[in-house]
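Engineer: Quick one: the structure is below, questions incoming.
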Amino acid sequence: MRHLNDARSESNAALEVAALQEAAGQWASHDPDPATAAALRSMIDGAAADPAELADSFAGNLQFGTAGLRAAMGPGPNRMNKVVVRRAAAGVAAHLLALASQDGAYRPRAVVGFDARHNSADFARETAAIFAAAGVETFLMPAPLPTPVLAYAVRALDCEAGIMVTASHNPRQDNGYKVYLGGRAVAPEARGVQIVAPHDSLIAGHIAEVSNTKQLGDTSGISMAESGWTVLGPELVAGYIKAVAELADAKAFPDRDLKIVHTSMHGVGHETALAVLAHAGFTNVHPVPEQTHPDPEFPTVAFPNPEEPGAMDLAFALAGKVGADIVLANDPDADRAAVGALDPATGKWHQLHGDQVGALLGAHLAARGGWATGGTAADGTAATPVFANSIVSSRLLAKIAQEAGFGHVQTLTGFKWISRVPGLAFGYEEALGYCVAPELVRDKDGISAGLLIAEMAARLKAAGRTLFDVLDELALSHGLHSSTQISIRVEEISDIADMMARLRAQPPARFDGSPVTVLTDLSEGTPELPATDGMSYLTDNGTRVIVRPSGTEPKLKAYLEVIVPVAGQEELGQARQEAQRALAAVVQDVRTALGLESL
């Protein structure tokens with residue numbers, strides 16, 4: 001009987017491989033991209049020996065959600081390729097036309113941008129061709145440019161949609177498709193913001209309709225124009241540079257004596273970021289030469305993300321060599337900003353945590369009256385600034401806002417939520433994302449954030465002070481807020497569901513010995529927040545732990561924050577030691593709660 005079962009298993013496996021090969025062959029015969037078609041045929045030839053890669057490429061359709069699309073490039077419905085992008089573009093166009101038909105039958109407008117990753121330019125041009133064929137008035141960016149420039153263009157050109165082809169800081173094999181809505185398609189506070197429900201599911205429905213063909217990989221039913229879209233000239237980029245450079249207040253903060261090291265991390269931010277700094281008067285800038293030019297292979301970094309260990313090593317080495325005052329780093333599409341400074345306590349270059357930069361920008365904008373571009377209410381009077389940050393970011397910004405008499409709002413993770421806050425003057429999340437000028441870019445923008453950090457650092461330098469002095473002052477006023485995170489990358493997505501189920505079934509009772517007093521299952525929603533998959537814990541001594549799946553990567557993330565009271569300047573050192581001890585203890589408690597204590 002055992003031999004019979006083994007034979008049946010082998011027979012079933014052979015049938016599965018044969019079905020995969022047939023599906024892949026069908027896709028390859030219709031694939032509009034010769035490169036992915038050839039790669040697929042090569043995979044078919046090797047499938048009998050190792051079907052894993054082929055099976056994963058055809059393990060369902062890549063799902064369109066509030067992050068749009070993001071995945072590894074390659075052939076098949078579960079990868080980023082021309083077939084998937086054509087269907088996504090047709091789905092977005094259909095959604096725009098449906099929205100337009102409900103509101104006066106206007107002709108929707110869209111702008112399409114792209115970064116310097118492999119295939120980004122091709123994906124963007126094909127999107128423009130599909131939009132134009134569908135009757136959408138379409139603008140195409142003239143070159144690989146930062147994501148914030150595309151987000152700016154949605155508002156500046158009063159477009160109903162913006163498409164950015166980018167995978168931001170993901171590994172080099174990935175690409176993505178980010179969708180913004182604006183103009184007449186959405187309410188005023190959502191113009192130029194990334195999509196949220198129900199738009200994501202409605203677009204997904206349109207994509208499913210154009211994907212419902214009898215032949216896998218067939219896109220012959222999707223019309224593509226040979227012309228009809230407008231390639232934007234240099235004026236759009238020049239407008240962004242001018243508008244962002246003018247955020248620096250030369251009258252109130254005239255100091256510009258600052259030596260800056262900048263890295264664009266092999267991405268598209270170099271020219272735009274340096275132009276903004278120069279227009280604002282910061283001309284003593286030293287770019288990291290090995291990372292200046294766009295390179296989709298990202299040769300000097302393991303991951304092109306300033307948060308990753310070692311990613312800023314070249315920048316810190318150059319900073320030490322030239323005697324820089326600060327380091328500014330952008331991720332490859334320049335929507336995030338990292339800041340490095342020479343820690344006077346250690347004499348070593350140190351990358352500031354995202355929460356520290358968020359607090360610094362909050363303090364600086366509070367000193368400027370809250371607004372970078374000015375804000376008015378509906379009646380024309382000065383509006384009260386509102387600061388916002390995600391629930392996994394530090395609670396320090398709320399205290400800065402309260403002290404300044406501003407409003408404050410907590411949102412779910414992601415700028416699709418932060419940017420929608422009514423009256424927003426400044427918003428951030430700890431993953432190096434900062435929105436300092438919502439009227440210009442209603443999304444995170446690493447270039448404008450870097451400029452305002454430079455403005456703050458120059459003012460402090462003129463007074464013989466540093467960014468660390470401001471952080472000390474904030475700790476003395478509001479307690480030392482110290483945060484960290486645990487990031488657990490998984491091979492199987494089901495592992496994330498298993499760990500979240502464990503947390504719900506066996507909730508931890510305490511962290512670092514302090515009892516959990518408030519437990520919130522975020523999947524049930526709260527009066528302030530929509531439902532999202534996550535668990536939040538608050539202990540008696542103010543320690544906070546939030547655990548949630550990543551929205552863009554196969555990771556489970558835990559966000560930890562402790563608050564240590566500080567009575568005086570002389571206690572700061574001891575408070576930092578206590579915060580580090582407490583965080584280490586909470587990290588261990590979280591790992592135990594997730595069943596990772598043996599790893």
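Scheme for the structure tokens: letters A, B, ... for chains in order shown; per-chain residue numbers from 1; ligand numbers from 1 in order shown.
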Neighbours of region 509-518 of chain A within 12 Å (only C-alpha atoms; same-chain residues fewer than 5 positions away dropped), as a PyMOL selection string?
Structural biologist: chain A and resi 503-504+535-546+560-562+578-593
Engineer: Restricting the calculation to only C-alpha atoms: of A:Gly340, A:Pro254, A:Gly25, A:Gly192, which residue gets closest to Ala458 (chain A)?
Structural biologist: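 Closest to Ala458 (chain A) of all the choices is A:Pro254.
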Engineer: What lies within 9 Å of region 299-304 of chain A using only C-alpha atoms, ignoring chain neighbours under 6 positions off, as a list of chain:residue names?
Structural biologist: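 Listing them by chain and then by number gives A:Ser168, A:His169, A:Asn170, A:Pro171, A:Arg172, A:Met265, A:His266, A:Gly267, A:Glu290, A:Gln291, A:Gly310, A:Ala311, A:Met312, A:Leu314, A:Asp331, A:Pro332.
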Engineer: Could you tell me which of A:Thr292, A:Leu471, A:Gly433, A:Ala324 comes closest to Ala359 (chain A) if we count only C-alpha atoms?
Structural biologist: A:Leu471
Engineer: Return the single residue from A:His262, A:Ile496, A:Gln26, A:Leu522 that is closest to Val392 (chain A), with distances computed using only C-alpha atoms.
Structural biologist: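 Closest to Val392 (chain A), using only C-alpha atoms: A:Leu522.
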Engineer: One decimal, Å: what's the distance from CA of Ala151 (chain A) over to CA of Gln63 (chain A), could you say?
Structural biologist: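 Computed distance, CA of Ala151 (chain A) to CA of Gln63 (chain A), equals 22.9 Å.
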Engineer: Which residues, written as a VMD selection string, have at least one atom at most 12 Å from Ala275 (chain A), with only C-alpha atoms counted and residues fewer than 6 positions away on the same chain left out?
Structural biologist: chain A and resid 237 to 245 269 281 to 283 285 447 to 448 451
Engineer: Output as a list in words all residues of region 257-300 of chain A that backbone DSSP marks as alpha helix (DSSP H).
Structural biologist: His270, Glu271, Thr272, Ala273, Leu274, Ala275, Val276, Leu277, Ala278 and His279 of chain A
